[in-house]
Every structure is written in C-alpha cells, then in structure tokens.
$ cat input-v6.tsv   # TSV, C-alpha atoms
chain	number	residue	atom	x	y	z
A	289	MET	CA	-7.49	20.66	-14.24
A	290	ASN	CA	-7.74	18.19	-17.09
A	291	PRO	CA	-5.03	18.66	-19.72
A	292	TYR	CA	-6.38	15.78	-21.86
A	293	LYS	CA	-9.13	15.85	-24.52
A	294	SER	CA	-10.77	12.67	-23.21
A	295	ASP	CA	-10.45	10.00	-20.53
A	296	VAL	CA	-9.15	7.57	-23.17
A	297	GLU	CA	-6.25	9.94	-23.88
A	298	ALA	CA	-5.70	10.36	-20.13
A	299	VAL	CA	-5.49	6.57	-19.60
A	300	ASP	CA	-2.87	6.40	-22.38
A	301	ALA	CA	-0.95	9.19	-20.65
A	302	LEU	CA	-1.13	7.32	-17.32
A	303	GLY	CA	0.37	4.22	-18.97
A	304	GLU	CA	3.22	6.32	-20.38
A	305	LYS	CA	3.87	8.06	-17.04
A	306	TYR	CA	3.87	4.67	-15.31
A	307	ARG	CA	6.57	3.39	-17.70
A	308	GLN	CA	8.64	6.55	-17.11
A	309	LEU	CA	8.29	6.08	-13.34
A	310	THR	CA	9.46	2.46	-13.45
A	311	ARG	CA	12.48	3.52	-15.57
A	312	GLU	CA	13.45	6.25	-13.08
A	313	ILE	CA	12.94	4.01	-10.03
A	314	GLY	CA	14.89	1.24	-11.81
A	315	LYS	CA	18.00	3.48	-11.82
A	316	VAL	CA	18.21	2.99	-8.05
A	317	ILE	CA	16.15	-0.11	-7.22
A	318	VAL	CA	17.35	-3.32	-8.85
A	319	GLY	CA	15.02	-6.24	-9.40
A	320	GLN	CA	11.98	-5.49	-7.22
A	321	ASP	CA	9.81	-4.86	-10.33
A	322	ASP	CA	6.64	-6.45	-8.96
A	323	VAL	CA	6.95	-4.58	-5.68
A	324	VAL	CA	7.42	-1.24	-7.49
A	325	LYS	CA	4.38	-2.01	-9.66
A	326	ASP	CA	2.25	-2.90	-6.62
A	327	VAL	CA	3.26	0.24	-4.70
A	328	LEU	CA	2.46	2.46	-7.71
A	329	ILE	CA	-0.93	0.72	-8.21
A	330	CYS	CA	-1.63	1.46	-4.55
A	331	ILE	CA	-0.71	5.15	-4.90
A	332	PHE	CA	-2.85	5.65	-8.03
A	333	SER	CA	-5.72	3.77	-6.34
A	334	LYS	CA	-5.59	6.12	-3.31
A	335	GLY	CA	-4.78	3.19	-1.04
A	336	HIS	CA	-2.11	2.48	1.59
A	337	ALA	CA	0.36	-0.40	1.55
A	338	LEU	CA	1.99	-2.67	4.10
A	339	LEU	CA	5.43	-3.96	3.05
A	340	VAL	CA	6.57	-7.14	4.75
A	341	GLY	CA	10.15	-8.33	4.34
A	342	VAL	CA	13.36	-9.17	6.18
A	343	PRO	CA	15.82	-6.33	6.90
A	344	GLY	CA	18.13	-5.19	4.11
A	345	LEU	CA	15.75	-5.61	1.15
A	346	ALA	CA	15.79	-1.84	0.44
A	347	LYS	CA	12.26	-1.12	1.70
A	348	THR	CA	13.23	2.36	2.94
A	349	LEU	CA	15.25	3.14	-0.19
A	350	LEU	CA	12.32	2.01	-2.35
A	351	VAL	CA	9.87	4.40	-0.66
A	352	ASN	CA	12.38	7.25	-0.72
A	353	THR	CA	13.08	6.73	-4.45
A	354	ILE	CA	9.37	6.55	-5.32
A	355	SER	CA	8.66	9.79	-3.43
A	356	ARG	CA	11.55	11.53	-5.28
A	357	SER	CA	10.29	10.38	-8.69
A	358	LEU	CA	6.77	11.58	-7.79
A	359	GLY	CA	7.95	15.00	-6.59
A	360	LEU	CA	6.14	14.55	-3.26
A	361	SER	CA	7.10	15.49	0.28
A	362	TYR	CA	8.31	12.50	2.27
A	363	SER	CA	8.48	11.68	5.99
A	364	ARG	CA	10.01	8.68	7.67
A	365	ILE	CA	8.74	7.73	11.11
A	366	GLN	CA	10.79	5.10	12.93
A	367	PHE	CA	8.35	3.29	15.20
A	368	THR	CA	9.72	2.39	18.63
A	369	PRO	CA	8.07	1.15	21.86
A	370	ASP	CA	8.31	4.63	23.44
A	371	LEU	CA	6.84	6.57	20.49
A	372	MET	CA	3.84	8.69	21.50
A	373	PRO	CA	0.83	9.69	19.30
A	374	SER	CA	1.95	13.36	19.53
A	375	ASP	CA	5.33	12.37	18.00
A	376	ILE	CA	3.40	11.45	14.84
A	377	ILE	CA	0.52	13.89	14.55
A	378	GLY	CA	2.04	16.95	16.28
A	379	THR	CA	1.38	18.85	19.45
A	380	GLU	CA	0.07	22.16	20.84
A	381	ILE	CA	2.76	24.55	22.09
A	382	LEU	CA	2.59	27.87	23.89
A	383	ASP	CA	4.22	30.51	21.67
A	384	GLU	CA	5.94	33.78	22.73
A	385	ASN	CA	2.56	35.62	22.69
A	386	ARG	CA	1.22	33.08	25.21
A	387	LYS	CA	-1.15	31.66	22.55
A	388	PHE	CA	-1.50	27.96	21.79
A	389	ARG	CA	-0.12	27.06	18.38
A	390	PHE	CA	-0.27	23.66	16.64
A	391	LEU	CA	3.14	22.30	15.68
A	392	LYS	CA	2.66	19.81	12.84
A	393	GLY	CA	4.13	16.33	13.19
A	394	PRO	CA	5.79	14.19	10.47
A	395	VAL	CA	2.37	12.84	9.35
A	396	PHE	CA	1.89	16.12	7.44
A	397	ALA	CA	3.64	14.96	4.27
A	398	ASN	CA	2.47	13.28	1.04
A	399	ILE	CA	4.26	9.95	1.53
A	400	ILE	CA	4.76	8.56	5.01
A	401	LEU	CA	7.10	5.65	5.62
A	402	ALA	CA	5.98	4.06	8.88
A	403	ASP	CA	9.04	1.94	9.58
A	404	GLU	CA	8.42	-1.21	11.65
A	405	ILE	CA	4.86	-0.26	12.56
A	406	ASN	CA	4.53	-3.39	14.74
A	407	ARG	CA	7.25	-2.08	17.12
A	408	THR	CA	4.99	0.53	18.72
A	409	PRO	CA	2.07	0.14	21.19
A	410	PRO	CA	-1.56	0.14	19.92
A	411	LYS	CA	-2.25	3.72	21.08
A	412	THR	CA	0.42	5.11	18.73
A	413	GLN	CA	-0.49	2.70	15.91
A	414	SER	CA	-4.11	3.86	16.06
A	415	ALA	CA	-3.07	7.55	15.82
A	416	LEU	CA	-1.51	6.82	12.42
A	417	LEU	CA	-4.36	4.53	11.35
A	418	GLU	CA	-6.92	7.23	12.18
A	419	ALA	CA	-4.97	9.69	10.01
A	420	MET	CA	-4.97	7.12	7.17
A	421	GLN	CA	-8.73	6.67	7.39
A	422	GLU	CA	-9.89	10.23	7.98
A	423	LYS	CA	-7.12	12.08	6.02
A	424	ALA	CA	-7.15	14.45	9.03
A	425	VAL	CA	-5.92	14.52	12.63
A	426	THR	CA	-7.66	15.89	15.70
A	427	VAL	CA	-5.62	17.72	18.35
A	428	ALA	CA	-7.21	19.47	21.35
A	429	GLY	CA	-10.65	19.12	19.75
A	430	GLU	CA	-9.57	20.79	16.50
A	431	SER	CA	-9.35	18.95	13.18
A	432	HIS	CA	-6.38	19.51	10.86
A	433	LYS	CA	-6.56	18.33	7.23
A	434	LEU	CA	-3.62	16.34	5.87
A	435	THR	CA	-1.90	17.24	2.60
A	436	GLU	CA	-3.25	15.47	-0.50
A	437	PRO	CA	-2.22	13.16	-2.10
A	438	PHE	CA	-1.59	11.23	1.13
A	439	PHE	CA	-0.12	7.76	1.13
A	440	VAL	CA	1.16	5.57	3.98
A	441	LEU	CA	3.66	2.80	3.38
A	442	ALA	CA	4.18	0.81	6.55
A	443	THR	CA	6.92	-1.80	6.87
A	444	GLN	CA	6.94	-4.86	9.06
A	445	ASN	CA	9.74	-7.29	9.81
A	446	PRO	CA	8.27	-10.84	9.75
A	447	ILE	CA	11.09	-12.49	11.73
A	448	GLU	CA	11.39	-10.86	15.14
A	449	GLN	CA	8.13	-11.09	17.02
A	450	GLU	CA	9.85	-10.40	20.36
A	451	GLY	CA	8.66	-7.09	21.82
A	452	THR	CA	6.27	-6.37	18.96
A	453	TYR	CA	2.61	-5.39	18.86
A	454	PRO	CA	1.03	-7.14	15.85
A	455	LEU	CA	-1.59	-5.04	14.04
A	456	PRO	CA	-5.12	-6.28	14.79
A	457	GLU	CA	-7.18	-7.59	11.84
A	458	ALA	CA	-9.44	-4.50	11.86
A	459	GLN	CA	-6.38	-2.24	11.54
A	460	LEU	CA	-4.81	-4.38	8.81
A	461	ASP	CA	-8.01	-3.91	6.81
A	462	ARG	CA	-7.08	-0.20	6.38
A	463	PHE	CA	-4.22	-1.22	4.10
A	464	MET	CA	-5.22	-1.82	0.50
A	465	PHE	CA	-2.21	-4.05	-0.27
A	466	ASN	CA	-0.04	-6.33	1.82
A	467	ILE	CA	3.11	-6.70	-0.29
A	468	TRP	CA	5.71	-9.37	0.46
A	469	LEU	CA	9.32	-8.69	-0.53
A	470	ASP	CA	11.46	-11.65	-1.48
A	471	TYR	CA	15.22	-11.98	-1.66
A	472	PRO	CA	16.71	-10.85	-4.98
A	473	THR	CA	17.90	-13.45	-7.50
A	474	PHE	CA	21.62	-14.26	-7.66
A	475	GLU	CA	22.14	-11.99	-10.72
A	476	GLN	CA	20.10	-9.16	-9.17
A	477	GLU	CA	22.10	-9.36	-5.95
A	478	ILE	CA	25.37	-9.07	-7.92
A	479	ALA	CA	23.97	-5.92	-9.60
A	480	VAL	CA	22.87	-4.51	-6.21
A	481	VAL	CA	26.30	-5.11	-4.67
A	482	LYS	CA	28.08	-3.57	-7.71
A	483	ASN	CA	25.86	-0.46	-7.60
A	484	THR	CA	26.04	0.08	-3.86
A	485	THR	CA	29.75	-0.52	-3.22
A	486	SER	CA	31.27	1.56	-6.02
A	487	GLY	CA	30.40	5.08	-4.83
A	488	LYS	CA	28.37	5.97	-7.92
A	489	THR	CA	25.00	7.64	-7.29
A	490	SER	CA	21.98	7.74	-9.59
A	491	GLU	CA	19.89	10.87	-9.85
A	492	VAL	CA	16.15	10.29	-10.09
A	493	SER	CA	14.09	12.75	-12.16
A	494	VAL	CA	10.63	13.90	-11.12
A	495	VAL	CA	8.01	12.33	-13.43
A	496	LEU	CA	4.71	13.43	-11.83
A	497	SER	CA	3.56	16.31	-9.64
A	498	GLY	CA	1.10	16.08	-6.75
A	499	GLU	CA	-1.69	17.65	-8.87
A	500	GLU	CA	-1.15	15.13	-11.67
A	501	ILE	CA	-1.29	12.25	-9.19
A	502	SER	CA	-4.58	13.57	-7.78
A	503	PHE	CA	-5.91	13.87	-11.36
A	504	PHE	CA	-4.94	10.26	-12.20
A	505	GLN	CA	-6.43	9.02	-8.90
A	506	ASP	CA	-9.77	10.56	-9.91
A	507	LEU	CA	-9.38	9.16	-13.43
A	508	ILE	CA	-9.02	5.60	-12.05
A	509	ARG	CA	-12.36	6.00	-10.24
A	510	ARG	CA	-14.07	6.98	-13.51
A	511	ILE	CA	-12.92	3.89	-15.46
A	512	PRO	CA	-16.01	1.81	-16.35
A	513	VAL	CA	-16.28	-1.80	-15.14
A	514	PRO	CA	-18.41	-4.53	-16.78
A	515	ASP	CA	-21.02	-6.21	-14.55
A	516	ASN	CA	-19.38	-9.63	-14.85
A	517	VAL	CA	-16.16	-8.20	-13.33
A	518	TYR	CA	-18.09	-6.71	-10.38
A	519	GLU	CA	-19.75	-10.10	-9.87
A	520	TYR	CA	-16.43	-11.95	-10.10
A	521	ALA	CA	-14.78	-9.68	-7.48
A	522	VAL	CA	-17.66	-10.05	-5.01
A	523	ARG	CA	-17.86	-13.81	-5.66
A	524	LEU	CA	-14.11	-14.20	-5.04
A	525	THR	CA	-14.42	-12.37	-1.70
A	526	ALA	CA	-17.46	-14.47	-0.74
A	527	LEU	CA	-15.47	-17.68	-1.39
A	528	THR	CA	-13.14	-16.76	1.51
A	529	ARG	CA	-15.88	-16.68	4.19
A	530	PRO	CA	-16.08	-20.03	6.03
A	531	GLY	CA	-19.52	-21.23	7.10
A	532	THR	CA	-21.41	-19.08	4.58
A	533	PRO	CA	-23.47	-20.42	1.63
A	534	ARG	CA	-20.93	-19.29	-1.01
A	535	ALA	CA	-17.81	-20.44	0.86
A	536	HIS	CA	-15.20	-22.52	-0.96
A	537	ASP	CA	-14.34	-25.98	0.47
A	538	TRP	CA	-10.85	-24.75	1.26
A	539	ALA	CA	-12.26	-21.79	3.19
A	540	ASN	CA	-14.36	-24.12	5.35
A	541	ARG	CA	-11.40	-26.41	5.86
A	542	TYR	CA	-8.50	-23.99	6.37
A	543	LEU	CA	-9.83	-20.55	7.35
A	544	THR	CA	-11.28	-19.19	10.58
A	545	TRP	CA	-12.13	-15.81	9.08
A	546	GLY	CA	-12.80	-14.44	5.60
A	547	ALA	CA	-12.49	-11.07	3.87
A	548	GLY	CA	-15.06	-8.27	4.32
A	549	PRO	CA	-16.72	-6.01	1.73
A	550	ARG	CA	-13.70	-3.68	1.69
A	551	ALA	CA	-11.80	-6.47	-0.09
A	552	SER	CA	-14.39	-6.42	-2.92
A	553	GLN	CA	-14.05	-2.63	-3.24
A	554	TYR	CA	-10.26	-2.81	-3.40
A	555	LEU	CA	-10.36	-5.70	-5.90
A	556	ILE	CA	-12.33	-3.46	-8.29
A	557	ILE	CA	-10.23	-0.31	-7.77
A	558	GLY	CA	-6.98	-2.30	-8.01
A	559	ALA	CA	-8.22	-4.04	-11.17
A	560	LYS	CA	-9.10	-0.66	-12.75
A	561	CYS	CA	-5.60	0.65	-12.06
A	562	HIS	CA	-3.93	-2.58	-13.21
A	563	ALA	CA	-5.89	-2.35	-16.47
A	564	ALA	CA	-5.01	1.34	-16.99
A	565	ILE	CA	-1.24	0.93	-16.56
A	566	ASN	CA	-1.37	-1.97	-19.02
A	567	GLY	CA	-3.10	0.14	-21.68
A	568	LYS	CA	-6.65	-1.18	-21.21
A	569	TYR	CA	-9.67	1.13	-20.87
A	570	SER	CA	-11.70	-1.27	-18.77
A	571	PRO	CA	-10.67	-4.09	-16.40
A	572	ASP	CA	-11.42	-7.77	-16.96
A	573	ILE	CA	-11.28	-10.82	-14.68
A	574	GLU	CA	-7.50	-11.23	-15.22
A	575	ASP	CA	-6.96	-7.76	-13.72
A	576	VAL	CA	-8.90	-8.75	-10.60
A	577	GLN	CA	-6.82	-11.93	-10.31
A	578	ALA	CA	-3.60	-9.93	-10.71
A	579	VAL	CA	-4.27	-7.87	-7.57
A	580	ALA	CA	-6.10	-10.56	-5.54
A	581	ILE	CA	-3.19	-11.98	-3.53
A	582	ASN	CA	-2.02	-8.58	-2.17
A	583	ILE	CA	-5.59	-7.64	-1.23
A	584	LEU	CA	-6.70	-10.93	0.33
A	585	ARG	CA	-3.43	-11.92	2.02
A	586	HIS	CA	-4.02	-9.90	5.21
A	587	ARG	CA	-7.82	-10.20	5.24
A	588	ILE	CA	-8.15	-13.97	5.67
A	589	VAL	CA	-7.07	-15.86	8.77
A	590	ARG	CA	-5.80	-19.43	8.63
A	591	ASN	CA	-6.80	-22.01	11.24
A	592	TYR	CA	-4.60	-24.55	13.06
A	593	ARG	CA	-5.33	-27.20	10.46
A	594	ALA	CA	-3.85	-25.04	7.68
A	595	GLU	CA	-0.75	-24.37	9.78
A	596	ALA	CA	-0.37	-28.04	10.69
A	597	GLU	CA	-0.64	-29.10	7.04
A	598	GLY	CA	1.67	-26.30	5.91
A	599	ILE	CA	-0.98	-24.64	3.70
A	600	GLY	CA	0.03	-21.02	3.11
A	601	ILE	CA	-2.20	-18.01	2.41
A	602	LYS	CA	-0.88	-17.70	-1.14
A	603	GLN	CA	-1.76	-21.35	-1.82
A	604	ILE	CA	-5.28	-20.81	-0.48
A	605	VAL	CA	-5.85	-17.66	-2.59
A	606	ASN	CA	-4.55	-19.41	-5.72
A	607	GLU	CA	-6.95	-22.30	-5.06
A	608	LEU	CA	-9.88	-19.84	-4.75
A	609	ILE	CA	-8.90	-18.09	-7.99
A	610	LYS	CA	-8.91	-21.45	-9.79

$ encode --input "input-v6.tsv" --output "structure tokens"
Amino acid sequence: MNPYKSDVEAVDALGEKYRQLTREIGKVIVGQDDVVKDVLICIFSKGHALLVGVPGLAKTLLVNTISRSLGLSYSRIQFTPDLMPSDIIGTEILDENRKFRFLKGPVFANIILADEINRTPPKTQSALLEAMQEKAVTVAGESHKLTEPFFVLATQNPIEQEGTYPLPEAQLDRFMFNIWLDYPTFEQEIAVVKNTTSGKTSEVSVVLSGEEISFFQDLIRRIPVPDNVYEYAVRLTALTRPGTPRAHDWANRYLTWGAGPRASQYLIIGAKCHAAINGKYSPDIEDVQAVAINILRHRIVRNYRAEAEGIGIKQIVNELIK
C-alpha cells in the first residue's frame, strides 16, 4: 500500500517520521544521538547492526526503546557458552496427538537483540547468522519464514576477550553497520543519572507500524543515485584493498585485508537512507562519507605495523576519505 501521491512526498514523510522517532527515543535515551541515527538508518536500509561498547551504556535499553517506538515485536537472546542453535530458532516437539509440531524460538520476532554474541560457540552464532541472511530457518528439513520486517542488533563487549568466540570476518560481513558506543559527556551523564534514579518513567509512543517500515524500506531502494556517487562508493571500497592496482598507500602499509563488494552495496544503500532522512531526494558524495566508517570498520583488517604505530581503523578510513 502506498498512501502517498509520489515518491517525493513519501521521502518527505520519511524525514518527518524519522524526526518523530528521534524525539520519542530521546525521552528515554539521553545523548546517544549518533547511535540512534545509525540504528534507524540500518533498519530503514534493511540491514543488521553490531553495537560495540562497554557494559552500562544502555545498549539493551536503546534497542528496547526503538522497538517500542516502531511498534514491532522484540526478542532478547542472551548469548552464553551453553546456548544451543535450537534455543534460538526453535525445536520440533511431539504434541498430544503424537504429531511433530514446530515450536518457534525467539528469532521469530521483528527486532532481535543478540546480547554478547561473541559469548557463544560458532555453531550457535551461525544459526543466527543464517537466519539473518536467509530471512528463514530450516528445522528437520523444513523451511520456516521469519516475520518481516526483520532486524538483528547484536552487541559485543570489547573489553573481556576471556572465554569469547570472536565473529569471523565472513560473519561480520553480514552486518551492515558496526556502531561504536562511547561514554556520555559529563552533562549527559548527569542527565542520565537524574532520569534513572528518581523513579520517573517515560512512556514512548508508537510512531511507525511494521507495514509502514516495509514501505519505507522499499522506498529507499527506489531512490535514484547519480553515476558519480556509484563510482565514488566503489572507488572508496577499492582503496581499502592492499596489493591491488587501486589501493591507497595507507592500505598497502597498514592493512592485511580490504573490504569486499558488499561494502560498496551498503555504502550506496546507507547513503540513500542518509540522504532521505535529511530531506534530500538523491544522495551525494557527502552521504556516502557519512556512513563510510560504520560500514568499513569491520570489513578491513589492520596489520601488525598499524597496531605497533597505534594507527586505528577510524584514522585509516578518514585518510581514505580524504
């Protein structure tokens, strides 16, 4: 269903809905404006996001609040070393009529919070990652479609690496964005402490329904992109690949591995969405640059030289953008 006369009107409506969403989410979440923006870009782009931050930065609360403002069903899966694939996707049970019946797992929701995804062994990680890719799960040879819209937000704690199973590069590539959460500023932290220790609760209103989200996701795909922006996105990805003709000096010096074609695809889709929420009907190079760090961060691998010289991923990406 398209309630708008034209795509131009629909893009305007998306911008307005986005502002309403940030206002609602802002009632509960203080300060993390960039993170909220990035998560919403990911949802409208039909991507998945990996949130990396130390404990206590309200990652779970953020996801919960976003799902409430979007009127979507929400599941939280706490990943632990003994979690089995069937704990996520569901299992076959024998009912009272002695027939096998599929009991759906927590993955059958619109928004999944995969908490501390690096705490669980690869077999269980890959069960979730297959669901992300295929938008379906297979149990006992039968395929079960997941509910649309479907969005996975996985969190990872960057400090403790004891007893963890880091996601392999190929699995990381499934996530559109890798979003880093920083500590709040001094003023923001005062506001957080005031809000959370006084007993007052904020009610979040529903801004968008599942059907509207699906409509806006399709709208993003239809936004036209100029050829020079396509070329810029592909060129930026090519700069990250050491040992190739188009590689940047820094890539040859500091990287062992560059980003694949999926990075170029996400740069374009992310740029389209970034343009739309900022009231533009077509993305330009600035929109590609705005989403580049979250897309490239987990797709390029630094070498020992970069680590020895203290050159971070963000520094490398900023150098490539220049």

$ closest_atom_pairs --input "input-v6.tsv" --of "stretch 472-495 of chain A" --to "stretch 315-332 of chain A" --cutoff "9 Å" --atoms "all atoms listed in the file" --output "JSON lines"
{"residue": "A:Pro472", "atom": "CA", "partner": "A:Gly319", "partner_atom": "CA", "distance": 6.6}
{"residue": "A:Thr473", "atom": "CA", "partner": "A:Gly319", "partner_atom": "CA", "distance": 8.0}
{"residue": "A:Gln476", "atom": "CA", "partner": "A:Gly319", "partner_atom": "CA", "distance": 5.9}
{"residue": "A:Glu477", "atom": "CA", "partner": "A:Val318", "partner_atom": "CA", "distance": 8.2}
{"residue": "A:Ala479", "atom": "CA", "partner": "A:Val318", "partner_atom": "CA", "distance": 7.2}
{"residue": "A:Val480", "atom": "CA", "partner": "A:Val318", "partner_atom": "CA", "distance": 6.2}
{"residue": "A:Asn483", "atom": "CA", "partner": "A:Val316", "partner_atom": "CA", "distance": 8.4}
{"residue": "A:Thr489", "atom": "CA", "partner": "A:Val316", "partner_atom": "CA", "distance": 8.3}
{"residue": "A:Ser490", "atom": "CA", "partner": "A:Lys315", "partner_atom": "CA", "distance": 6.2}
{"residue": "A:Glu491", "atom": "CA", "partner": "A:Lys315", "partner_atom": "CA", "distance": 7.9}
{"residue": "A:Val492", "atom": "CA", "partner": "A:Lys315", "partner_atom": "CA", "distance": 7.3}

$ residues_around --input "input-v6.tsv" --residues "A:Ile377" --least-positions-apart "5" --cutoff "9 Å" --atoms "only C-alpha atoms" --output "ChimeraX atom specification"
/A:391-396,415-416,419,425-427

$ closest_residue --input "input-v6.tsv" --among "A:Ala337, A:Leu350, A:Val495, A:Leu524" --to "A:Val440" --atoms "only C-alpha atoms"
A:Ala337

$ closest_residue --input "input-v6.tsv" --among "A:Lys334, A:Lys293, A:Arg364, A:Arg541" --to "A:Ile405" --atoms "only C-alpha atoms"
A:Arg364

$ closest_atom_pairs --input "input-v6.tsv" --of "stretch 430-487 of chain A" --to "stretch 564-587 of chain A" --cutoff "9 Å" --atoms "only C-alpha atoms" --output "JSON lines"
{"residue": "A:Glu457", "atom": "CA", "partner": "A:Arg587", "partner_atom": "CA", "distance": 7.1}
{"residue": "A:Ala458", "atom": "CA", "partner": "A:Arg587", "partner_atom": "CA", "distance": 8.9}
{"residue": "A:Leu460", "atom": "CA", "partner": "A:His586", "partner_atom": "CA", "distance": 6.6}
{"residue": "A:Asp461", "atom": "CA", "partner": "A:Arg587", "partner_atom": "CA", "distance": 6.5}
{"residue": "A:Phe463", "atom": "CA", "partner": "A:Ile583", "partner_atom": "CA", "distance": 8.5}
{"residue": "A:Met464", "atom": "CA", "partner": "A:Ile583", "partner_atom": "CA", "distance": 6.1}
{"residue": "A:Phe465", "atom": "CA", "partner": "A:Asn582", "partner_atom": "CA", "distance": 4.9}
{"residue": "A:Asn466", "atom": "CA", "partner": "A:Asn582", "partner_atom": "CA", "distance": 5.0}
{"residue": "A:Ile467", "atom": "CA", "partner": "A:Asn582", "partner_atom": "CA", "distance": 5.8}
{"residue": "A:Trp468", "atom": "CA", "partner": "A:Asn582", "partner_atom": "CA", "distance": 8.2}

$ write_last_selection --input "input-v6.tsv" --atoms "C-alpha atoms" --output "PDB file, in the frame of the given file"
ATOM      1  CA  GLU A 457      -7.180  -7.590  11.840  1.00  0.00           C
ATOM      2  CA  ALA A 458      -9.440  -4.500  11.860  1.00  0.00           C
ATOM      3  CA  LEU A 460      -4.810  -4.380   8.810  1.00  0.00           C
ATOM      4  CA  ASP A 461      -8.010  -3.910   6.810  1.00  0.00           C
ATOM      5  CA  PHE A 463      -4.220  -1.220   4.100  1.00  0.00           C
ATOM      6  CA  MET A 464      -5.220  -1.820   0.500  1.00  0.00           C
ATOM      7  CA  PHE A 465      -2.210  -4.050  -0.270  1.00  0.00           C
ATOM      8  CA  ASN A 466      -0.040  -6.330   1.820  1.00  0.00           C
ATOM      9  CA  ILE A 467       3.110  -6.700  -0.290  1.00  0.00           C
ATOM     10  CA  TRP A 468       5.710  -9.370   0.460  1.00  0.00           C
TER      11      TRP A 468
END

$ closest_residue --input "input-v6.tsv" --among "A:Arg407, A:His432, A:Lys560, A:Lys488" --to "A:Leu455" --atoms "all atoms listed in the file"
A:Arg407

$ closest_residue --input "input-v6.tsv" --among "A:Ala535, A:Ala526, A:Leu358, A:Leu543" --to "A:Ile601" --atoms "all atoms listed in the file"
A:Leu543

$ atom_distance --input "input-v6.tsv" --atom1 "atom CA of A:Arg462" --atom2 "atom CA of A:Val299"
26.9 Å

$ residues_near_point --input "input-v6.tsv" --point "(5.2, 1.7, 13.8)" --cutoff "9 Å" --atoms "only C-alpha atoms" --output "PDB file with C-alpha atoms, in the frame of the given file"
ATOM      1  CA  ILE A 365       8.740   7.730  11.110  1.00  0.00           C
ATOM      2  CA  GLN A 366      10.790   5.100  12.930  1.00  0.00           C
ATOM      3  CA  PHE A 367       8.350   3.290  15.200  1.00  0.00           C
ATOM      4  CA  THR A 368       9.720   2.390  18.630  1.00  0.00           C
ATOM      5  CA  PRO A 369       8.070   1.150  21.860  1.00  0.00           C
ATOM      6  CA  LEU A 371       6.840   6.570  20.490  1.00  0.00           C
ATOM      7  CA  ALA A 402       5.980   4.060   8.880  1.00  0.00           C
ATOM      8  CA  ASP A 403       9.040   1.940   9.580  1.00  0.00           C
ATOM      9  CA  GLU A 404       8.420  -1.210  11.650  1.00  0.00           C
ATOM     10  CA  ILE A 405       4.860  -0.260  12.560  1.00  0.00           C
ATOM     11  CA  ASN A 406       4.530  -3.390  14.740  1.00  0.00           C
ATOM     12  CA  ARG A 407       7.250  -2.080  17.120  1.00  0.00           C
ATOM     13  CA  THR A 408       4.990   0.530  18.720  1.00  0.00           C
ATOM     14  CA  PRO A 409       2.070   0.140  21.190  1.00  0.00           C
ATOM     15  CA  THR A 412       0.420   5.110  18.730  1.00  0.00           C
ATOM     16  CA  GLN A 413      -0.490   2.700  15.910  1.00  0.00           C
ATOM     17  CA  LEU A 416      -1.510   6.820  12.420  1.00  0.00           C
ATOM     18  CA  ALA A 442       4.180   0.810   6.550  1.00  0.00           C
ATOM     19  CA  THR A 443       6.920  -1.800   6.870  1.00  0.00           C
ATOM     20  CA  GLN A 444       6.940  -4.860   9.060  1.00  0.00           C
TER      21      GLN A 444
END

$ closest_residue --input "input-v6.tsv" --among "A:Thr452, A:Ser374, A:Ser493, A:Thr379" --to "A:Ile354" --atoms "only C-alpha atoms"
A:Ser493

$ closest_residue --input "input-v6.tsv" --among "A:Glu380, A:Asp295, A:Glu436, A:Asp370" --to "A:Lys411" --atoms "only C-alpha atoms"
A:Asp370

$ residues_around --input "input-v6.tsv" --residues "A:Ala521" --least-positions-apart "4" --cutoff "7 Å" --atoms "only C-alpha atoms" --output "list in words"
Val517, Thr525, Ser552, Leu555, Ile556 and Val576 of chain A

$ build_atoms --input "input-v6.tsv" --residues "stretch 552-565 of chain A" --atoms "N, CA and C atoms" --output "PDB file, in the coordinates of the input"
ATOM      1  N   SER A 552     -13.725  -6.502  -1.610  1.00  0.00           N
ATOM      2  CA  SER A 552     -14.390  -6.420  -2.920  1.00  0.00           C
ATOM      3  C   SER A 552     -14.165  -5.042  -3.546  1.00  0.00           C
ATOM      4  N   GLN A 553     -14.266  -3.993  -2.728  1.00  0.00           N
ATOM      5  CA  GLN A 553     -14.050  -2.630  -3.240  1.00  0.00           C
ATOM      6  C   GLN A 553     -12.631  -2.479  -3.773  1.00  0.00           C
ATOM      7  N   TYR A 554     -11.660  -2.946  -2.985  1.00  0.00           N
ATOM      8  CA  TYR A 554     -10.260  -2.810  -3.400  1.00  0.00           C
ATOM      9  C   TYR A 554      -9.934  -3.676  -4.614  1.00  0.00           C
ATOM     10  N   LEU A 555     -10.587  -4.844  -4.725  1.00  0.00           N
ATOM     11  CA  LEU A 555     -10.360  -5.700  -5.900  1.00  0.00           C
ATOM     12  C   LEU A 555     -10.743  -4.955  -7.177  1.00  0.00           C
ATOM     13  N   ILE A 556     -11.862  -4.210  -7.106  1.00  0.00           N
ATOM     14  CA  ILE A 556     -12.330  -3.460  -8.290  1.00  0.00           C
ATOM     15  C   ILE A 556     -11.407  -2.275  -8.581  1.00  0.00           C
ATOM     16  N   ILE A 557     -11.089  -1.484  -7.541  1.00  0.00           N
ATOM     17  CA  ILE A 557     -10.230  -0.310  -7.770  1.00  0.00           C
ATOM     18  C   ILE A 557      -8.843  -0.748  -8.243  1.00  0.00           C
ATOM     19  N   GLY A 558      -8.300  -1.785  -7.602  1.00  0.00           N
ATOM     20  CA  GLY A 558      -6.980  -2.300  -8.010  1.00  0.00           C
ATOM     21  C   GLY A 558      -7.005  -2.825  -9.436  1.00  0.00           C
ATOM     22  N   ALA A 559      -8.094  -3.503  -9.809  1.00  0.00           N
ATOM     23  CA  ALA A 559      -8.220  -4.040 -11.170  1.00  0.00           C
ATOM     24  C   ALA A 559      -8.295  -2.900 -12.191  1.00  0.00           C
ATOM     25  N   LYS A 560      -9.021  -1.822 -11.855  1.00  0.00           N
ATOM     26  CA  LYS A 560      -9.100  -0.660 -12.750  1.00  0.00           C
ATOM     27  C   LYS A 560      -7.707  -0.094 -13.007  1.00  0.00           C
ATOM     28  N   CYS A 561      -6.931   0.064 -11.930  1.00  0.00           N
ATOM     29  CA  CYS A 561      -5.600   0.650 -12.060  1.00  0.00           C
ATOM     30  C   CYS A 561      -4.666  -0.289 -12.817  1.00  0.00           C
ATOM     31  N   HIS A 562      -4.760  -1.581 -12.526  1.00  0.00           N
ATOM     32  CA  HIS A 562      -3.930  -2.580 -13.210  1.00  0.00           C
ATOM     33  C   HIS A 562      -4.222  -2.564 -14.713  1.00  0.00           C
ATOM     34  N   ALA A 563      -5.496  -2.421 -15.054  1.00  0.00           N
ATOM     35  CA  ALA A 563      -5.890  -2.350 -16.470  1.00  0.00           C
ATOM     36  C   ALA A 563      -5.298  -1.095 -17.115  1.00  0.00           C
ATOM     37  N   ALA A 564      -5.441   0.053 -16.423  1.00  0.00           N
ATOM     38  CA  ALA A 564      -5.010   1.340 -16.990  1.00  0.00           C
ATOM     39  C   ALA A 564      -3.512   1.373 -17.272  1.00  0.00           C
ATOM     40  N   ILE A 565      -2.694   0.868 -16.331  1.00  0.00           N
ATOM     41  CA  ILE A 565      -1.240   0.930 -16.560  1.00  0.00           C
ATOM     42  C   ILE A 565      -0.800  -0.068 -17.624  1.00  0.00           C
TER      43      ILE A 565
END
